[in-house]
Amino acid sequence: MTAFLRRALLSDYFVLGLCVVYAAAVAPFTPGFLSSENLTNILTTLLPLLVVALGQTVVLIAGGIDLSATAVIGLASITGAMAMNDETGWLAHSPLAAPAGVALMLAVGAGVGACNGFAVARWRMPPFMVTLAAMMGFSGLAVWLTHSKNINALPAAFTMLGGRTAVAFAITLAVAVLAQLLLSRSLFGRWLYAVGHNPRAALISGVPVGGVVFSAYVVSGLLAALASVLYTGQAETGSPVLGQRILLDVIGATVIGGTSLFGGKGKVLWTVFGVLFLKLVDNSLNLLSLSVFTITMAKGAVILLAACLDSARARLGNP
Amino acid sequence: MKTKLIAAFLAVAALFAGCNKKSDTPAPPGGALTIGVAFETLQTEYWVAGFEAIRADLKNRGHTMLEAVADQDANRQIEQVKNFITRKVDGIIMVPKDAKTCLPAIKAANAANIPIVLFNRPADKSDARSVAVVADNFSLTRDTVAYLVSEARKGGKKLKAAVLLGDLGDLNAIGRRDGFEAAIKGNEDIIEVVARIPTEWNQEKAQAGVVNALQANPDIGFIFTSSDFLFPSIVSALKSAGKYHKAGEPGHVILGGFDGDATAWQMLQDGYLDATGVQDVYFEAAKSMEAVLDLRAGKTVPELILDPGFVIHRGNMAEKSAQMWGARMSAKK
């Protein structure tokens with residue numbers, strides 16, 4: 001393999017380069033693709049996906065996976081809405097409705113994450129099975145609590161968090177910066193990579209493997225709940241099935257960015273580029289008015305390609 | 001290496017060059033319009049029929065259609081409507097995921113001064129401005145169930161009934177439930193409702209619900225479903241219980257539905273189905289497009305345009321089949 005290709009594949013900016021090439025190829029044939037309106041639309045839809053993908057990144061680095069993220073989005077959405085809504089909410093019309101609602105949503109996310117983390121770290125259960133069971137159980141709970149009904153009449157102070165792009169951008173930027181500091185500048189971050197790379201070696205080296213894995217799932221749950229704040233704000237409705245269809249996008253975007261499914265490797269920047277690439281593909285195919293089946297097949301092909309690239313990069317990095 | 005990269009770039013570009021299709025139909029007077037059509041799903045025959053009816057109507061008028069299907073994701077649907085706004089469409093026809101989550105999308109269209117018409121599902125009352133073309137779910141269900149009750153009276157025996165309810169976040173489901181209850185009211189001497197099965201428009205839940213209802217009440221003799229697309233689940237449950245018989249045969253369970261799909265048409269022809277309320281999807285598609293044109297022309301359009309539909313049963317199926325979308329779909333196969 002040529003040195004150029006090797007350098008390109010291993011570069012931090014490989015996926016960003018893909019974004020630029022893709023956008024340049026698509027723009028001449030996609031009306032409105034590079035308009036300021038469309039770029040704003042891409043940004044608006046990208047932000048909540050990035051937040052939940054950052055949580056997924058943390059778990060993947062630790063060598064696990066979190067399939068329950070979408071269930072957290074739905075459960076947090078209706079829990080917050082039940083508390084905050086102006087019609088039947090426990091905090092209806094209270095000035096504390098929005099902050100208390102957000103706190104409750106984050107608590108729900110952290111709680112689900114803690115359940116997952118406990119099962120994986122303490123009981124040594126396979127992450128795939130634990131989080132799959134959590135996805136089914138908690139999404140069913142959300143539907144049961146609301147009898148499938150949506151909840152609207154949410155306070156404006158809450159809906160603006162996701163509904164106003166500038167506010168959502170500020171929140172997402174803060175999360176990305178914190179995640180970057182956590183992963184690159186903290187002891188916890190070093191432990192996380194060590195556990196994902198080789199949990200036995202990490203344990204022998206004195207890393208509290210159980211605590212690190214537990215914390216990774218709590219972070220993932222928290223960030224899924226924060227994404228729910230943004231999604232719920234955009235939809236102006238608490239919905240038990242919110243985000244139900246985006247699991248493939250979450251994991252796909254994270255892997256496209258370069259975070260390894262095998263653990264021990266991942267960066268905030270990579271996830272940002274991965275989410276951007278997936279959103280560019282999604283948006284361009286939508287603007288071209290292709291059928292949803294074509295879009296789904298195209299995205300599936302892109303994610304499969306990303307998984308192959310991940311495998312290639314893993315081999316290149318370990319000759 | 002550079003040559004290979006350029007070739008790959010050109011290949012990707014060529015792939016998308018063919019995607020932007022233009023209409024071959026001559027432009028109508030006033031120019032061809034571009035209409036964005038956003039559906040929540042194409043998972044049932046009704047939605048496919050509605051989608052194709054709108055496509056055919058637009059083609060006949062010489063307009064271009066941009067399509068988007070949200071795959072039951074409310075946030076995706078908002079994004080798709082905003083993409084239509086970016087494309088500066090002349091009008092939007094949308095099937096909302098539900099009555100509440102469509103409001104941000106409608107508000108975005110209002111802000112862009114693009115007329116938006118809701119197909120088959122209305123929005124909740126709010127300051128978001130739209131026109132909805134919907135079936136008169138209440139009246140059509142009431143009339144369909146009234147016919148079924150009259151069939152039950154001919155048997156002279158009081159029957160136990162089960163009703164399959166839709167997703168109660170969908171105003172259509174609520175209308176049909178209310179229509180069912182209205183038809184039953186006053187006929188409790190002949191019909192006793194023993195099971196109200198919540199299906200959330202899900203076939204697996206419908207089947208499980210009917211199986212449970214038949215286990216608890218093996219003598220159920222009357223079943224109404226809020227949508228014909230749940231019939232395969234009902235038929236499977238009835239067959240398992242040994243209760244799937246044609247009209248006139250001993251043990252026939254009076255069956256009724258709503259929508260008028262190809263399955264219902266086949267069951268009517270075979271003698272298993274007694275009646276179904278048919279949504280006139282062609283009427284709804286035409287009225288949706290007329291509403292878009294009238295809104296563009298600045299005319300006053302009522303917020304709700306009702307499709308009266310019609311009840312089809314074995315007594316009138318010969319004359320009504322031409323209007324039934326399920327019968328027409330069957331004929332095409």
# chains A, B, ... in the order shown; residues from 1 in each chain; ligands from 1
>>> residues_around(residues="Leu58 of chain B", least_positions_apart="5", cutoff="10 Å", atoms="only C-alpha atoms", output="short mmCIF file (atom, residue, chain, number, x, y, z; two decimals) with N, CA, C and O atoms, in the first residue's frame")
data_model
loop_
_atom_site.label_atom_id
_atom_site.label_comp_id
_atom_site.auth_asym_id
_atom_site.auth_seq_id
_atom_site.Cartn_x
_atom_site.Cartn_y
_atom_site.Cartn_z
N ALA B 32 -45.21 25.32 -14.33
CA ALA B 32 -45.18 24.10 -13.52
C ALA B 32 -44.75 24.44 -12.11
O ALA B 32 -43.81 25.22 -11.90
N LEU B 33 -45.43 23.86 -11.15
CA LEU B 33 -45.07 24.07 -9.74
C LEU B 33 -44.26 22.88 -9.24
O LEU B 33 -44.33 21.78 -9.80
N THR B 34 -43.50 23.13 -8.20
CA THR B 34 -42.78 22.06 -7.52
C THR B 34 -43.40 21.87 -6.15
O THR B 34 -43.46 22.83 -5.36
N ILE B 35 -43.92 20.69 -5.92
CA ILE B 35 -44.63 20.42 -4.67
C ILE B 35 -43.84 19.39 -3.87
O ILE B 35 -43.49 18.32 -4.38
N GLU B 52 -49.10 7.36 -4.28
CA GLU B 52 -49.23 7.21 -5.73
C GLU B 52 -50.36 8.06 -6.28
O GLU B 52 -50.26 8.60 -7.40
N ALA B 53 -51.43 8.21 -5.50
CA ALA B 53 -52.55 9.06 -5.94
C ALA B 53 -52.10 10.51 -6.06
O ALA B 53 -52.45 11.21 -7.03
N HIS B 63 -47.25 19.19 -12.84
CA HIS B 63 -46.35 19.72 -11.80
C HIS B 63 -45.31 18.68 -11.41
O HIS B 63 -45.44 17.50 -11.71
N THR B 64 -44.26 19.16 -10.74
CA THR B 64 -43.16 18.28 -10.33
C THR B 64 -43.29 17.95 -8.84
O THR B 64 -43.66 18.82 -8.04
N MET B 65 -43.00 16.71 -8.51
CA MET B 65 -43.10 16.29 -7.11
C MET B 65 -41.71 16.00 -6.55
O MET B 65 -40.91 15.30 -7.17
N ALA B 285 -56.45 13.07 -2.44
CA ALA B 285 -55.28 13.57 -3.18
C ALA B 285 -55.64 14.80 -4.00
O ALA B 285 -54.93 15.82 -3.99
N ALA B 286 -56.78 14.74 -4.70
CA ALA B 286 -57.20 15.87 -5.54
C ALA B 286 -57.50 17.10 -4.69
O ALA B 286 -57.11 18.23 -5.02
N MET B 289 -54.29 18.84 -3.46
CA MET B 289 -53.63 19.67 -4.47
C MET B 289 -54.46 20.92 -4.77
O MET B 289 -53.90 22.01 -4.92
#
>>> residues_around(residues="Gly186 of chain B", least_positions_apart="5", cutoff="12 Å", atoms="only C-alpha atoms", output="list in words")
Ala146, Val149, Phe180, Glu181, Ile191 and Glu192 of chain B
>>> write_last_selection(atoms="N, CA, C and O atoms", output="PDB file, in the first residue's frame")
ATOM      1  N   ALA B 146     -72.640   0.516  12.129  1.00  0.00           N
ATOM      2  CA  ALA B 146     -74.111   0.422  12.120  1.00  0.00           C
ATOM      3  C   ALA B 146     -74.565  -0.680  11.155  1.00  0.00           C
ATOM      4  O   ALA B 146     -75.499  -1.451  11.457  1.00  0.00           O
ATOM      5  N   VAL B 149     -73.881  -3.970  12.795  1.00  0.00           N
ATOM      6  CA  VAL B 149     -74.864  -4.235  13.853  1.00  0.00           C
ATOM      7  C   VAL B 149     -76.168  -4.738  13.232  1.00  0.00           C
ATOM      8  O   VAL B 149     -76.805  -5.666  13.748  1.00  0.00           O
ATOM      9  N   PHE B 180     -67.084   4.097  16.499  1.00  0.00           N
ATOM     10  CA  PHE B 180     -67.466   2.738  16.907  1.00  0.00           C
ATOM     11  C   PHE B 180     -68.391   2.799  18.123  1.00  0.00           C
ATOM     12  O   PHE B 180     -69.465   2.186  18.154  1.00  0.00           O
ATOM     13  N   GLU B 181     -67.961   3.568  19.132  1.00  0.00           N
ATOM     14  CA  GLU B 181     -68.746   3.649  20.374  1.00  0.00           C
ATOM     15  C   GLU B 181     -70.118   4.259  20.096  1.00  0.00           C
ATOM     16  O   GLU B 181     -71.129   3.832  20.680  1.00  0.00           O
ATOM     17  N   ILE B 191     -75.142  -6.168  21.041  1.00  0.00           N
ATOM     18  CA  ILE B 191     -73.673  -6.165  21.022  1.00  0.00           C
ATOM     19  C   ILE B 191     -73.148  -5.853  22.412  1.00  0.00           C
ATOM     20  O   ILE B 191     -73.521  -4.846  23.021  1.00  0.00           O
ATOM     21  N   GLU B 192     -72.242  -6.718  22.919  1.00  0.00           N
ATOM     22  CA  GLU B 192     -71.576  -6.463  24.205  1.00  0.00           C
ATOM     23  C   GLU B 192     -70.075  -6.402  23.913  1.00  0.00           C
ATOM     24  O   GLU B 192     -69.469  -7.400  23.499  1.00  0.00           O
TER      25      GLU B 192
END
>>> residues_around(residues="Ile78 of chain A", least_positions_apart="3", cutoff="6 Å", atoms="only C-alpha atoms", output="list in words")
Leu75, Ala81, Met82, Gly238, Ser239 and Pro240 of chain A
>>> closest_residue(among="B:Ile184, B:Leu273, B:Ala241, B:Val133", to="Ile305 of chain B", atoms="only C-alpha atoms")
B:Val133
>>> interface_residues(of="chain A", to="chain B", cutoff="8 Å", atoms="only C-alpha atoms", output="PyMOL selection string")
chain A and resi 21-22+25-26+29-32+35+37-38+41+45+148-150+152+231+234-237+242-245+283+286-292
>>> atom_distance(atom1="atom CA of Pro122 of chain B", atom2="atom CA of Leu304 of chain B")
7.9 Å
>>> residues_around(residues="Val195 of chain A", least_positions_apart="3", cutoff="10 Å", atoms="only C-alpha atoms", output="count of residues only")
21
>>> select_by_dssp(residues="segment 73-211 of chain A", states="alpha helix (DSSP H)", output="PyMOL selection string")
chain A and resi 73-84+97-121+127-146+156-163+165-185+187-197+199-204+209-211
>>> atom_distance(atom1="atom CA of Leu226 of chain A", atom2="atom CA of Met105 of chain A")
7.5 Å
>>> closest_residue(among="B:Ala56, B:Ile174, B:Val131, B:Ile106", to="Ala291 of chain B", atoms="only C-alpha atoms")
B:Val131
>>> residues_around(residues="segment 175-182 of chain A", least_positions_apart="2", cutoff="8 Å", atoms="only C-alpha atoms", output="PyMOL selection string")
chain A and resi 51+54+171-173+184-186+188-189+267-268
>>> closest_residue(among="A:Ala24, A:Leu16, A:Leu50, A:Leu154", to="Ile246 of chain A", atoms="only C-alpha atoms")
A:Leu50
>>> residues_around(residues="segment 157-164 of chain A", least_positions_apart="2", cutoff="6 Å", atoms="only C-alpha atoms", output="ChimeraX atom specification")
/A:98,155,166-168,230,233-234,236
>>> residues_around(residues="Lys332 of chain B", least_positions_apart="6", cutoff="12 Å", atoms="only C-alpha atoms", output="ChimeraX atom specification")
/B:49,262,325-326
>>> write_last_selection(atoms="C-alpha atoms", output="PDB file, in the first residue's frame")
ATOM      1  CA  ALA B  49     -51.934   4.239  -2.468  1.00  0.00           C
ATOM      2  CA  ALA B 262     -56.542  -4.879  -1.148  1.00  0.00           C
ATOM      3  CA  TRP B 325     -58.526   1.954  -3.917  1.00  0.00           C
ATOM      4  CA  GLY B 326     -57.825  -1.531  -2.619  1.00  0.00           C
TER       5      GLY B 326
END
>>> atom_distance(atom1="atom CA of Ile93 of chain B", atom2="atom CA of Gly74 of chain A")
27.4 Å
